[in-house]
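Trainee: Below is the file run.txt, with compact mmCIF, N, CA and C atoms.
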```txt
# COMPACT_ATOMS: atom_id res chain seq x y z
N MET M 481 11.10 -4.78 -26.63
CA MET M 481 10.22 -4.52 -27.74
C MET M 481 8.78 -4.42 -27.24
N ALA M 482 8.12 -3.37 -27.59
CA ALA M 482 6.76 -3.15 -27.12
C ALA M 482 5.77 -3.62 -28.16
N ALA M 483 4.79 -4.36 -27.72
CA ALA M 483 3.73 -4.83 -28.61
C ALA M 483 2.49 -3.99 -28.36
N ASP M 484 1.81 -3.65 -29.44
CA ASP M 484 0.59 -2.86 -29.33
C ASP M 484 -0.60 -3.79 -29.47
N ILE M 485 -1.29 -4.06 -28.37
CA ILE M 485 -2.45 -4.93 -28.38
C ILE M 485 -3.65 -4.08 -28.01
N GLY M 486 -4.53 -3.89 -28.96
CA GLY M 486 -5.67 -3.01 -28.71
C GLY M 486 -5.16 -1.60 -28.52
N ALA M 487 -5.57 -0.96 -27.45
CA ALA M 487 -5.16 0.41 -27.18
C ALA M 487 -3.98 0.48 -26.22
N PHE M 488 -3.44 -0.67 -25.80
CA PHE M 488 -2.39 -0.67 -24.80
C PHE M 488 -1.06 -1.09 -25.39
N GLU M 489 -0.03 -0.36 -25.03
CA GLU M 489 1.33 -0.71 -25.43
C GLU M 489 2.01 -1.34 -24.22
N ASP M 490 2.79 -2.38 -24.45
CA ASP M 490 3.50 -3.01 -23.35
C ASP M 490 4.46 -2.03 -22.71
N PRO M 491 4.51 -2.01 -21.38
CA PRO M 491 5.47 -1.13 -20.70
C PRO M 491 6.89 -1.68 -20.85
N SER M 492 7.85 -0.82 -20.59
CA SER M 492 9.25 -1.23 -20.68
C SER M 492 9.58 -2.20 -19.56
N ALA M 493 10.67 -2.90 -19.71
CA ALA M 493 11.13 -3.84 -18.68
C ALA M 493 11.39 -3.11 -17.37
N GLU M 494 11.89 -1.90 -17.45
CA GLU M 494 12.17 -1.11 -16.24
C GLU M 494 10.89 -0.78 -15.50
N VAL M 495 9.86 -0.39 -16.23
CA VAL M 495 8.58 -0.05 -15.60
C VAL M 495 7.95 -1.30 -14.98
N LEU M 496 8.02 -2.43 -15.68
CA LEU M 496 7.49 -3.67 -15.13
C LEU M 496 8.24 -4.08 -13.86
N ALA M 497 9.55 -3.92 -13.85
CA ALA M 497 10.34 -4.25 -12.67
C ALA M 497 9.97 -3.35 -11.50
N GLU M 498 9.77 -2.07 -11.77
CA GLU M 498 9.38 -1.12 -10.73
C GLU M 498 7.99 -1.46 -10.18
N ALA M 499 7.06 -1.80 -11.07
CA ALA M 499 5.71 -2.18 -10.64
C ALA M 499 5.76 -3.46 -9.81
N ALA M 500 6.55 -4.42 -10.23
CA ALA M 500 6.67 -5.68 -9.49
C ALA M 500 7.23 -5.43 -8.10
N ALA M 501 8.20 -4.52 -7.99
CA ALA M 501 8.77 -4.19 -6.69
C ALA M 501 7.72 -3.54 -5.79
N ALA M 502 6.92 -2.64 -6.36
CA ALA M 502 5.86 -1.98 -5.58
C ALA M 502 4.82 -3.00 -5.12
N PHE M 503 4.40 -3.88 -6.03
CA PHE M 503 3.44 -4.92 -5.64
C PHE M 503 4.06 -5.87 -4.63
N GLY M 504 5.36 -6.11 -4.76
CA GLY M 504 6.05 -6.96 -3.79
C GLY M 504 5.99 -6.37 -2.39
N LEU M 505 6.16 -5.06 -2.29
CA LEU M 505 6.04 -4.41 -0.98
C LEU M 505 4.63 -4.54 -0.43
N LEU M 506 3.64 -4.43 -1.30
CA LEU M 506 2.25 -4.52 -0.86
C LEU M 506 1.82 -5.96 -0.63
N ALA M 507 2.69 -6.93 -0.97
CA ALA M 507 2.37 -8.34 -0.72
C ALA M 507 2.46 -8.68 0.76
N SER M 508 3.08 -7.83 1.55
CA SER M 508 3.11 -8.00 3.00
C SER M 508 1.79 -7.48 3.56
N SER M 509 1.09 -8.32 4.30
CA SER M 509 -0.20 -7.88 4.86
C SER M 509 -0.01 -6.70 5.81
N ALA M 510 1.11 -6.64 6.51
CA ALA M 510 1.36 -5.51 7.43
C ALA M 510 1.50 -4.21 6.64
N ARG M 511 2.28 -4.24 5.56
CA ARG M 511 2.46 -3.02 4.76
C ARG M 511 1.18 -2.64 4.02
N LEU M 512 0.45 -3.65 3.54
CA LEU M 512 -0.82 -3.37 2.87
C LEU M 512 -1.80 -2.73 3.86
N HIS M 513 -1.82 -3.21 5.08
CA HIS M 513 -2.69 -2.63 6.11
C HIS M 513 -2.30 -1.18 6.38
N LEU M 514 -1.01 -0.89 6.40
CA LEU M 514 -0.56 0.49 6.61
C LEU M 514 -1.00 1.39 5.46
N VAL M 515 -0.84 0.94 4.23
CA VAL M 515 -1.26 1.75 3.09
C VAL M 515 -2.78 1.91 3.11
N TRP M 516 -3.50 0.85 3.46
CA TRP M 516 -4.96 0.94 3.58
C TRP M 516 -5.33 2.01 4.61
N ALA M 517 -4.69 1.98 5.77
CA ALA M 517 -4.98 2.96 6.82
C ALA M 517 -4.65 4.37 6.34
N LEU M 518 -3.52 4.52 5.67
CA LEU M 518 -3.13 5.85 5.19
C LEU M 518 -4.00 6.32 4.03
N ALA M 519 -4.60 5.40 3.32
CA ALA M 519 -5.53 5.78 2.25
C ALA M 519 -6.77 6.43 2.84
N GLN M 520 -7.05 6.15 4.12
CA GLN M 520 -8.20 6.74 4.81
C GLN M 520 -7.86 8.13 5.36
N GLY M 521 -6.57 8.41 5.53
CA GLY M 521 -6.14 9.71 6.05
C GLY M 521 -4.76 9.61 6.67
N GLU M 522 -4.11 10.74 6.78
CA GLU M 522 -2.74 10.76 7.30
C GLU M 522 -2.69 10.42 8.78
N SER M 523 -1.50 9.99 9.23
CA SER M 523 -1.35 9.57 10.61
C SER M 523 0.11 9.54 11.00
N ASP M 524 0.36 9.56 12.29
CA ASP M 524 1.74 9.38 12.76
C ASP M 524 1.97 7.90 13.07
N VAL M 525 3.21 7.54 13.30
CA VAL M 525 3.57 6.14 13.47
C VAL M 525 2.93 5.52 14.71
N THR M 526 2.77 6.28 15.77
CA THR M 526 2.16 5.76 16.99
C THR M 526 0.70 5.35 16.74
N HIS M 527 -0.06 6.23 16.09
CA HIS M 527 -1.46 5.91 15.81
C HIS M 527 -1.56 4.76 14.80
N LEU M 528 -0.65 4.72 13.83
CA LEU M 528 -0.66 3.61 12.87
C LEU M 528 -0.38 2.29 13.56
N ALA M 529 0.60 2.29 14.46
CA ALA M 529 0.94 1.05 15.19
C ALA M 529 -0.26 0.57 16.00
N ASP M 530 -0.96 1.50 16.64
CA ASP M 530 -2.17 1.14 17.40
C ASP M 530 -3.24 0.59 16.46
N ARG M 531 -3.42 1.23 15.33
CA ARG M 531 -4.49 0.83 14.40
C ARG M 531 -4.24 -0.55 13.80
N VAL M 532 -3.00 -0.82 13.41
CA VAL M 532 -2.72 -2.10 12.73
C VAL M 532 -2.28 -3.18 13.70
N GLY M 533 -2.10 -2.81 14.96
CA GLY M 533 -1.72 -3.79 15.96
C GLY M 533 -0.28 -4.25 15.85
N GLY M 534 0.58 -3.37 15.39
CA GLY M 534 1.99 -3.72 15.23
C GLY M 534 2.87 -3.02 16.24
N ALA M 535 4.05 -3.57 16.43
CA ALA M 535 5.03 -2.94 17.32
C ALA M 535 5.57 -1.69 16.63
N LEU M 536 5.82 -0.66 17.40
CA LEU M 536 6.28 0.62 16.86
C LEU M 536 7.53 0.48 15.98
N PRO M 537 8.58 -0.25 16.40
CA PRO M 537 9.76 -0.38 15.54
C PRO M 537 9.46 -1.08 14.21
N ALA M 538 8.61 -2.10 14.26
CA ALA M 538 8.26 -2.83 13.03
C ALA M 538 7.47 -1.93 12.08
N VAL M 539 6.52 -1.19 12.62
CA VAL M 539 5.72 -0.27 11.80
C VAL M 539 6.62 0.80 11.19
N SER M 540 7.56 1.31 11.96
CA SER M 540 8.51 2.30 11.45
C SER M 540 9.32 1.74 10.29
N GLN M 541 9.76 0.49 10.41
CA GLN M 541 10.54 -0.14 9.33
C GLN M 541 9.68 -0.33 8.09
N HIS M 542 8.44 -0.76 8.26
CA HIS M 542 7.55 -0.92 7.11
C HIS M 542 7.31 0.43 6.43
N LEU M 543 7.09 1.46 7.21
CA LEU M 543 6.87 2.79 6.64
C LEU M 543 8.10 3.29 5.90
N ALA M 544 9.29 3.00 6.43
CA ALA M 544 10.52 3.41 5.75
C ALA M 544 10.63 2.74 4.38
N LYS M 545 10.28 1.46 4.29
CA LYS M 545 10.32 0.75 3.01
C LYS M 545 9.29 1.32 2.04
N LEU M 546 8.10 1.57 2.53
CA LEU M 546 7.05 2.14 1.68
C LEU M 546 7.43 3.53 1.20
N LYS M 547 8.10 4.28 2.06
CA LYS M 547 8.53 5.63 1.70
C LYS M 547 9.64 5.58 0.65
N LEU M 548 10.59 4.68 0.81
CA LEU M 548 11.66 4.53 -0.18
C LEU M 548 11.11 4.16 -1.55
N ALA M 549 10.04 3.38 -1.56
CA ALA M 549 9.43 2.96 -2.82
C ALA M 549 8.53 4.05 -3.41
N GLY M 550 8.30 5.11 -2.66
CA GLY M 550 7.46 6.20 -3.15
C GLY M 550 5.97 5.93 -3.00
N LEU M 551 5.61 4.93 -2.21
CA LEU M 551 4.19 4.62 -2.02
C LEU M 551 3.56 5.48 -0.93
N VAL M 552 4.37 5.91 0.04
CA VAL M 552 3.90 6.85 1.06
C VAL M 552 4.91 7.99 1.17
N ARG M 553 4.46 9.07 1.77
CA ARG M 553 5.32 10.23 2.02
C ARG M 553 5.18 10.62 3.48
N SER M 554 6.03 11.53 3.90
CA SER M 554 5.92 12.01 5.27
C SER M 554 6.31 13.48 5.33
N ARG M 555 5.86 14.11 6.40
CA ARG M 555 6.25 15.50 6.67
C ARG M 555 6.39 15.65 8.17
N ARG M 556 7.21 16.57 8.58
CA ARG M 556 7.43 16.81 10.00
C ARG M 556 6.38 17.79 10.50
N GLU M 557 5.79 17.43 11.64
CA GLU M 557 4.83 18.30 12.30
C GLU M 557 5.24 18.38 13.77
N GLY M 558 6.01 19.39 14.10
CA GLY M 558 6.58 19.46 15.45
C GLY M 558 7.59 18.35 15.62
N ARG M 559 7.39 17.52 16.63
CA ARG M 559 8.30 16.39 16.87
C ARG M 559 7.81 15.11 16.20
N ARG M 560 6.63 15.16 15.62
CA ARG M 560 6.05 13.97 15.00
C ARG M 560 6.29 13.94 13.49
N GLN M 561 6.41 12.74 12.98
CA GLN M 561 6.48 12.51 11.54
C GLN M 561 5.09 12.05 11.11
N ILE M 562 4.48 12.77 10.19
CA ILE M 562 3.13 12.44 9.71
C ILE M 562 3.26 11.74 8.36
N TYR M 563 2.65 10.56 8.24
CA TYR M 563 2.70 9.78 7.01
C TYR M 563 1.39 9.91 6.25
N TYR M 564 1.47 9.86 4.92
CA TYR M 564 0.29 9.97 4.09
C TYR M 564 0.58 9.38 2.71
N VAL M 565 -0.50 9.08 1.99
CA VAL M 565 -0.41 8.65 0.60
C VAL M 565 -0.92 9.81 -0.23
N ASP M 566 -0.08 10.36 -1.09
CA ASP M 566 -0.53 11.50 -1.90
C ASP M 566 -0.76 11.14 -3.36
N ASP M 567 -0.65 9.86 -3.68
CA ASP M 567 -0.88 9.41 -5.05
C ASP M 567 -2.26 8.77 -5.12
N PRO M 568 -3.21 9.44 -5.76
CA PRO M 568 -4.57 8.89 -5.80
C PRO M 568 -4.64 7.53 -6.51
N ASP M 569 -3.72 7.26 -7.41
CA ASP M 569 -3.73 5.96 -8.10
C ASP M 569 -3.37 4.83 -7.14
N VAL M 570 -2.42 5.07 -6.24
CA VAL M 570 -2.06 4.05 -5.24
C VAL M 570 -3.26 3.79 -4.34
N VAL M 571 -3.92 4.85 -3.91
CA VAL M 571 -5.11 4.72 -3.07
C VAL M 571 -6.18 3.91 -3.80
N THR M 572 -6.39 4.21 -5.08
CA THR M 572 -7.40 3.51 -5.86
C THR M 572 -7.08 2.03 -5.99
N VAL M 573 -5.84 1.70 -6.31
CA VAL M 573 -5.45 0.29 -6.47
C VAL M 573 -5.69 -0.48 -5.17
N VAL M 574 -5.26 0.09 -4.06
CA VAL M 574 -5.41 -0.59 -2.77
C VAL M 574 -6.89 -0.71 -2.40
N ARG M 575 -7.64 0.35 -2.56
CA ARG M 575 -9.07 0.30 -2.20
C ARG M 575 -9.84 -0.68 -3.07
N VAL M 576 -9.54 -0.71 -4.37
CA VAL M 576 -10.25 -1.62 -5.26
C VAL M 576 -9.91 -3.07 -4.92
N MET M 577 -8.63 -3.37 -4.77
CA MET M 577 -8.23 -4.76 -4.51
C MET M 577 -8.77 -5.25 -3.17
N VAL M 578 -8.55 -4.48 -2.12
CA VAL M 578 -9.02 -4.91 -0.80
C VAL M 578 -10.54 -4.93 -0.77
N GLY M 579 -11.17 -3.93 -1.37
CA GLY M 579 -12.63 -3.88 -1.39
C GLY M 579 -13.24 -5.06 -2.13
N GLN M 580 -12.67 -5.42 -3.26
CA GLN M 580 -13.18 -6.56 -4.03
C GLN M 580 -13.04 -7.86 -3.25
N LEU M 581 -11.88 -8.05 -2.64
CA LEU M 581 -11.66 -9.28 -1.88
C LEU M 581 -12.54 -9.33 -0.64
N ALA M 582 -12.76 -8.19 -0.01
CA ALA M 582 -13.66 -8.15 1.15
C ALA M 582 -15.09 -8.49 0.72
N ALA M 583 -15.52 -7.97 -0.42
CA ALA M 583 -16.86 -8.27 -0.92
C ALA M 583 -17.00 -9.74 -1.25
N ARG M 584 -15.97 -10.32 -1.85
CA ARG M 584 -16.00 -11.75 -2.16
C ARG M 584 -16.05 -12.58 -0.88
N ALA M 585 -15.30 -12.15 0.12
CA ALA M 585 -15.27 -12.87 1.39
C ALA M 585 -16.63 -12.84 2.06
N ASP M 586 -17.35 -11.74 1.91
CA ASP M 586 -18.70 -11.64 2.49
C ASP M 586 -19.68 -12.57 1.78
N GLY M 587 -19.51 -12.70 0.46
CA GLY M 587 -20.43 -13.52 -0.32
C GLY M 587 -20.04 -14.99 -0.34
N SER M 588 -18.78 -15.23 -0.60
CA SER M 588 -18.29 -16.61 -0.68
C SER M 588 -16.80 -16.58 -0.45
N SER M 589 -16.33 -17.27 0.56
CA SER M 589 -14.91 -17.21 0.91
C SER M 589 -14.04 -18.15 0.08
N ALA M 590 -14.61 -19.00 -0.74
CA ALA M 590 -13.83 -19.97 -1.51
C ALA M 590 -12.81 -19.31 -2.43
N PRO M 591 -13.19 -18.28 -3.25
CA PRO M 591 -12.17 -17.68 -4.12
C PRO M 591 -11.05 -17.01 -3.34
N VAL M 592 -11.35 -16.42 -2.20
CA VAL M 592 -10.33 -15.74 -1.41
C VAL M 592 -9.34 -16.77 -0.85
N ARG M 593 -9.86 -17.91 -0.37
CA ARG M 593 -8.98 -18.95 0.14
C ARG M 593 -8.07 -19.46 -0.97
N ALA M 594 -8.58 -19.57 -2.18
CA ALA M 594 -7.78 -20.05 -3.30
C ALA M 594 -6.64 -19.08 -3.60
N LEU M 595 -6.88 -17.79 -3.44
CA LEU M 595 -5.85 -16.79 -3.72
C LEU M 595 -4.72 -16.83 -2.72
N ARG M 596 -4.99 -17.20 -1.49
CA ARG M 596 -3.96 -17.18 -0.45
C ARG M 596 -2.77 -18.06 -0.80
N GLY M 597 -2.99 -19.15 -1.46
CA GLY M 597 -1.90 -20.05 -1.81
C GLY M 597 -1.38 -19.82 -3.22
N ALA M 598 -1.92 -18.82 -3.94
CA ALA M 598 -1.58 -18.64 -5.35
C ALA M 598 -0.41 -17.71 -5.57
N GLY M 599 0.10 -17.05 -4.53
CA GLY M 599 1.20 -16.10 -4.72
C GLY M 599 2.46 -16.81 -5.17
N GLY M 600 3.33 -16.03 -5.87
CA GLY M 600 4.52 -16.70 -6.34
C GLY M 600 5.64 -15.88 -6.57
```
As structure tokens, how would this structure be written, given the file I've shared?
Mentor:
Amino acid sequence: MAADIGAFEDPSAEVLAEAAAAFGLLASSARLHLVWALAQGESDVTHLADRVGGALPAVSQHLAKLKLAGLVRSRREGRRQIYYVDDPDVVTVVRVMVGQLAARADGSSAPVRALRGAGG
């Protein structure tokens, strides 16, 4: 049952479950770092592994999960697989969240430290 509060209608249970799954994938700092990097521009797995400091097989597995969830896409370019984020809303969510937390960390790290233990 959807409730209309103000101008917003509650999403369906299916949409909420899908959103929770997407946020769950982004709850991994490694996957969030990959999406952050891809929000800056497309890249292949080798360059991504170098950028995020991860092992190539682990980065490939993270990218496969993100791709299955529809958060990233890929295309073949010769022998390389090029990864990218083509959904501007995903880019916006990641940039806003990481940007806000980075700004808070620069000003006062107390709220950021409180968030680290608040996940559930």
Trainee: Just asking: which residues within chain M are alpha helix (DSSP H) according to DSSP, as a VMD selection string?
Mentor: chain M and resid 493 to 506 509 to 520 525 to 532 536 to 548 568 to 587 590 to 596
Trainee: Would you kindly return, as JSON, numbers by chain, each protein, DNA or RNA residue with an atom no farther than 8 Å from any atom of M:Leu528, considering all atoms listed in the file and excluding same-chain residues fewer than 4 positions away?
Mentor: {"M": [514, 517, 518, 522, 523, 524, 532, 533, 534, 535, 536, 539]}
Trainee: I'd like the interatomic distance between atom C of M:Leu581 and atom C of M:Trp516, to a tenth of an Å.
Mentor: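 According to the coordinates, atom C of M:Leu581 and atom C of M:Trp516 are separated by 14.4 Å.
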Trainee: Just give me the gap between atom N of M:Glu489 and atom N of M:Val578 in Å, one decimal is fine.
Mentor: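 Separating atom N of M:Glu489 from atom N of M:Val578 is a distance of 24.8 Å.
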Trainee: Could you tell me which of M:Pro491, M:Gly579, M:Pro537, M:Gly504 comes closest to M:Leu551 if we count only C-alpha atoms?
Mentor: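 Checking each of M:Pro491, M:Gly579, M:Pro537, M:Gly504 against M:Leu551, counting only C-alpha atoms, the winner is M:Gly504.
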Trainee: Mind giving me the straight-line distance from atom N of M:His513 to atom C of M:Ala583 in Å, one decimal?
Mentor: 17.7 Å
Trainee: For the point (5.0, -6.0, 8.6) in file coordinates, what residues are within 7 Å, counting all atoms listed in the file? Give the answer as a PyMOL selection string?
Mentor: chain M and resi 508-511+538-539+542
Trainee: Taking all atoms listed in the file into account, name the residue in M:Ala519, M:Ala501, M:Ala493, M:Val525 that is nearest to M:Arg560.
Mentor: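 Residue with the minimum atom-to-atom distance to M:Arg560: M:Val525.
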